[in-house]
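Asks: Data: query_39.pdb, PDB, C-alpha atoms.
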ATOM      1  CA  MET A   4      35.208  50.169  49.763
ATOM      2  CA  LYS A   5      34.511  49.737  46.070
ATOM      3  CA  PRO A   6      32.351  46.670  45.192
ATOM      4  CA  SER A   7      34.013  44.013  43.052
ATOM      5  CA  LYS A   8      32.602  43.599  39.534
ATOM      6  CA  THR A   9      33.963  40.060  39.434
ATOM      7  CA  ILE A  10      30.871  38.856  41.291
ATOM      8  CA  PHE A  11      28.718  39.768  38.313
ATOM      9  CA  TYR A  12      30.828  37.704  35.904
ATOM     10  CA  ILE A  13      31.016  34.499  37.920
ATOM     11  CA  PRO A  14      27.475  33.296  37.086
ATOM     12  CA  ALA A  15      28.071  33.783  33.363
ATOM     13  CA  LEU A  16      31.388  31.914  33.495
ATOM     14  CA  LEU A  17      29.855  29.152  35.586
ATOM     15  CA  LEU A  18      26.981  28.763  33.113
ATOM     16  CA  LEU A  19      29.408  28.537  30.185
ATOM     17  CA  SER A  20      31.460  25.923  32.030
ATOM     18  CA  ILE A  21      28.423  23.799  32.866
ATOM     19  CA  SER A  22      27.204  24.043  29.273
ATOM     20  CA  ALA A  23      30.563  22.812  27.942
ATOM     21  CA  PHE A  24      30.315  19.666  30.093
ATOM     22  CA  ALA A  25      27.230  18.530  28.180
ATOM     23  CA  GLY A  26      29.558  16.992  25.594
ATOM     24  CA  GLN A  27      28.497  15.929  22.136
ATOM     25  CA  ALA A  28      25.167  14.509  21.057
ATOM     26  CA  LYS A  29      25.305  10.766  20.455
ATOM     27  CA  ILE A  30      23.084   8.386  18.481
ATOM     28  CA  VAL A  31      22.196   5.391  20.685
ATOM     29  CA  ASP A  32      19.675   3.548  18.496
ATOM     30  CA  VAL A  33      18.180   3.653  15.001
ATOM     31  CA  GLU A  34      15.218   1.828  13.466
ATOM     32  CA  VAL A  35      14.708   1.954   9.704
ATOM     33  CA  THR A  36      11.381   1.123   8.056
ATOM     34  CA  LYS A  37      10.729   0.828   4.330
ATOM     35  CA  ASN A  38       7.671   2.779   3.057
ATOM     36  CA  LYS A  39       7.149   1.990  -0.648
ATOM     37  CA  ASP A  40       9.991   3.923  -2.357
ATOM     38  CA  SER A  41      11.387   5.753   0.698
ATOM     39  CA  TYR A  42      12.426   5.062   4.284
ATOM     40  CA  ARG A  43      11.504   6.237   7.763
ATOM     41  CA  PHE A  44      14.233   6.678  10.382
ATOM     42  CA  ASP A  45      13.427   6.544  14.108
ATOM     43  CA  VAL A  46      16.560   7.838  15.819
ATOM     44  CA  THR A  47      17.258   7.841  19.553
ATOM     45  CA  LEU A  48      19.780  10.424  20.800
ATOM     46  CA  ARG A  49      21.434  11.066  24.122
ATOM     47  CA  HIS A  50      22.820  14.444  25.140
ATOM     48  CA  ASP A  51      23.091  16.230  28.458
ATOM     49  CA  ASP A  52      21.073  19.188  27.196
ATOM     50  CA  ALA A  53      21.821  22.259  29.298
ATOM     51  CA  GLY A  54      18.979  24.390  27.966
ATOM     52  CA  TRP A  55      18.937  26.727  24.975
ATOM     53  CA  ASP A  56      22.691  27.425  25.199
ATOM     54  CA  HIS A  57      23.695  23.789  24.542
ATOM     55  CA  TYR A  58      21.384  21.101  23.232
ATOM     56  CA  ALA A  59      21.118  18.347  20.611
ATOM     57  CA  ASP A  60      19.664  20.212  17.645
ATOM     58  CA  GLY A  61      19.600  17.649  14.842
ATOM     59  CA  TRP A  62      20.859  14.582  13.020
ATOM     60  CA  GLU A  63      21.589  13.494   9.448
ATOM     61  CA  VAL A  64      21.363  10.332   7.360
ATOM     62  CA  LEU A  65      24.514   9.881   5.255
ATOM     63  CA  SER A  66      25.350   7.665   2.282
ATOM     64  CA  PRO A  67      28.573   5.607   2.457
ATOM     65  CA  GLU A  68      30.229   8.427   0.458
ATOM     66  CA  GLY A  69      29.108  11.043   3.000
ATOM     67  CA  LYS A  70      26.276  12.554   0.945
ATOM     68  CA  VAL A  71      23.414  13.880   3.097
ATOM     69  CA  LEU A  72      20.278  11.864   2.274
ATOM     70  CA  GLY A  73      18.064  13.347   4.972
ATOM     71  CA  LYS A  74      18.233  15.795   7.848
ATOM     72  CA  ARG A  75      16.128  16.201  10.986
ATOM     73  CA  VAL A  76      16.268  19.552  12.770
ATOM     74  CA  LEU A  77      15.380  19.574  16.469
ATOM     75  CA  ALA A  78      13.818  22.873  17.460
ATOM     76  CA  HIS A  79      14.238  22.860  21.244
ATOM     77  CA  PRO A  80      16.222  21.322  24.127
ATOM     78  CA  HIS A  81      15.182  18.018  25.721
ATOM     79  CA  VAL A  82      16.591  18.635  29.204
ATOM     80  CA  SER A  83      14.261  16.275  31.083
ATOM     81  CA  GLU A  84      13.719  13.748  28.261
ATOM     82  CA  GLN A  85      16.877  11.634  27.873
ATOM     83  CA  PRO A  86      17.442   9.693  25.798
ATOM     84  CA  PHE A  87      14.806  10.822  23.311
ATOM     85  CA  ALA A  88      13.671   9.636  19.875
ATOM     86  CA  ARG A  89      12.530  11.559  16.828
ATOM     87  CA  SER A  90      11.575  10.416  13.335
ATOM     88  CA  LEU A  91      12.210  11.445   9.757
ATOM     89  CA  SER A  92      10.155  10.030   6.871
ATOM     90  CA  GLY A  93      10.545  10.232   3.109
ATOM     91  CA  VAL A  94      14.280   9.558   2.986
ATOM     92  CA  ARG A  95      15.258   8.249  -0.455
ATOM     93  CA  ILE A  96      18.218   5.928  -0.558
ATOM     94  CA  PRO A  97      19.970   5.320  -3.902
ATOM     95  CA  GLN A  98      19.915   1.849  -5.442
ATOM     96  CA  GLY A  99      22.879  -0.269  -4.457
ATOM     97  CA  VAL A 100      23.261   1.362  -1.021
ATOM     98  CA  SER A 101      22.844  -1.320   1.642
ATOM     99  CA  SER A 102      23.824   0.694   4.727
ATOM    100  CA  VAL A 103      23.826   4.314   5.850
ATOM    101  CA  SER A 104      25.269   6.285   8.752
ATOM    102  CA  ILE A 105      23.523   8.624  11.156
ATOM    103  CA  ARG A 106      25.400  11.474  12.820
ATOM    104  CA  ALA A 107      24.192  13.722  15.615
ATOM    105  CA  HIS A 108      24.616  17.483  15.909
ATOM    106  CA  ASP A 109      24.545  19.765  18.928
ATOM    107  CA  SER A 110      24.471  23.536  19.164
ATOM    108  CA  VAL A 111      27.973  23.892  20.675
ATOM    109  CA  HIS A 112      30.170  21.117  19.234
ATOM    110  CA  GLY A 113      28.539  20.688  15.823
ATOM    111  CA  TYR A 114      28.578  17.195  14.289
ATOM    112  CA  ASN A 115      29.851  14.271  16.304
ATOM    113  CA  LYS A 116      32.577  12.420  14.347
ATOM    114  CA  GLU A 117      31.249   9.159  15.774
ATOM    115  CA  VAL A 118      28.488   7.826  13.509
ATOM    116  CA  PHE A 119      25.904   5.071  13.912
ATOM    117  CA  GLU A 120      25.826   2.650  10.960
ATOM    118  CA  VAL A 121      22.633   0.824  10.114
ATOM    119  CA  GLY A 122      21.549  -1.563   7.372
ATOM    120  CA  VAL A 123      18.856  -0.635   4.872
ATOM    121  CA  PRO A 124      15.926  -3.100   4.989
ATOM    122  CA  GLY A 125      15.354  -5.041   1.787
ATOM    123  CA  ARG A 126      18.862  -4.405   0.445
TER     124      ARG A 126
END
If you took the structure in this file and wrote it as structure tokens, what would it be?
Replies:
Amino acid sequence: MKPSKTIFYIPALLLLSISAFAGQAKIVDVEVTKNKDSYRFDVTLRHDDAGWDHYADGWEVLSPEGKVLGKRVLAHPHVSEQPFARSLSGVRIPQGVSSVSIRAHDSVHGYNKEVFEVGVPGR
């Protein structure tokens, strides 16, 4: 009887299916601190990281017009650390801008269309 090659493909398909269930990365909290002429963003994300194949890999600070004001790249999965927070300092926000949006990115789905809006201190 000839062995079935299907057995060898099941683990790969199962892994891809599990990875897809991780969904999109989501911003759950943001703290903004003014530092002289720039701002620091402490952003908390939630994502069901599935390892290197599917994980939250960054977030961006956007102006009301959608211009990227700052970007934080996340270099590795946070499988056992959920939710997790990371910071970005030195973000310059143009005069007259009183609120910004933060959007999360993951390695499979890209940018989440759902954004987190936050006010800019002192504006």
Asks: Please report the interatomic distance between CA of Lys29 in chain A and CA of Arg126 in chain A in Å with one decimal.
Replies: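 The value is 25.9 Å.
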Asks: Convert the output of the PyMOL selection byres ((chain A and resi 112) around 9) on the shown file into explicit residues, formatted as number ranges by chain.
Replies: A: 23, 26-28, 57, 108-111, 113-115
Asks: CA of Arg49 in chain A and CA of Val82 in chain A, how far apart in Å?
Replies: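 So the answer is 10.3 Å.
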Asks: Find, counting all atoms listed in the file, the residue in A:Asp32, A:Glu84, A:Glu117, A:Val103 that gets nearest to Val71 in chain A.
Replies: A:Val103
Asks: I need the output of the PyMOL selection byres ((chain A and resi 86-94) around 12) for this file as a PyMOL selection string; which residues are they?
Replies: chain A and resi 28-52+59-66+71-78+80-85+95-97+103+105+107+123
Asks: Name every residue that the PyMOL selection byres ((chain A and resi 122) around 6) selects in this structure, writing the answer as a PyMOL selection string with chains first and numbers rising.
Replies: chain A and resi 101-102+121+123
Asks: CA of Val100 in chain A and CA of Val118 in chain A, how far apart in Å?
Replies: 16.7 Å
Asks: Go through A:Pro124, A:Ser104, A:Lys116, A:Trp55 one by one, measure the shortest atom-to-atom distance of each to Pro67 in chain A using all atoms listed in the file, and give the residue with the smallest value.
Replies: A:Ser104
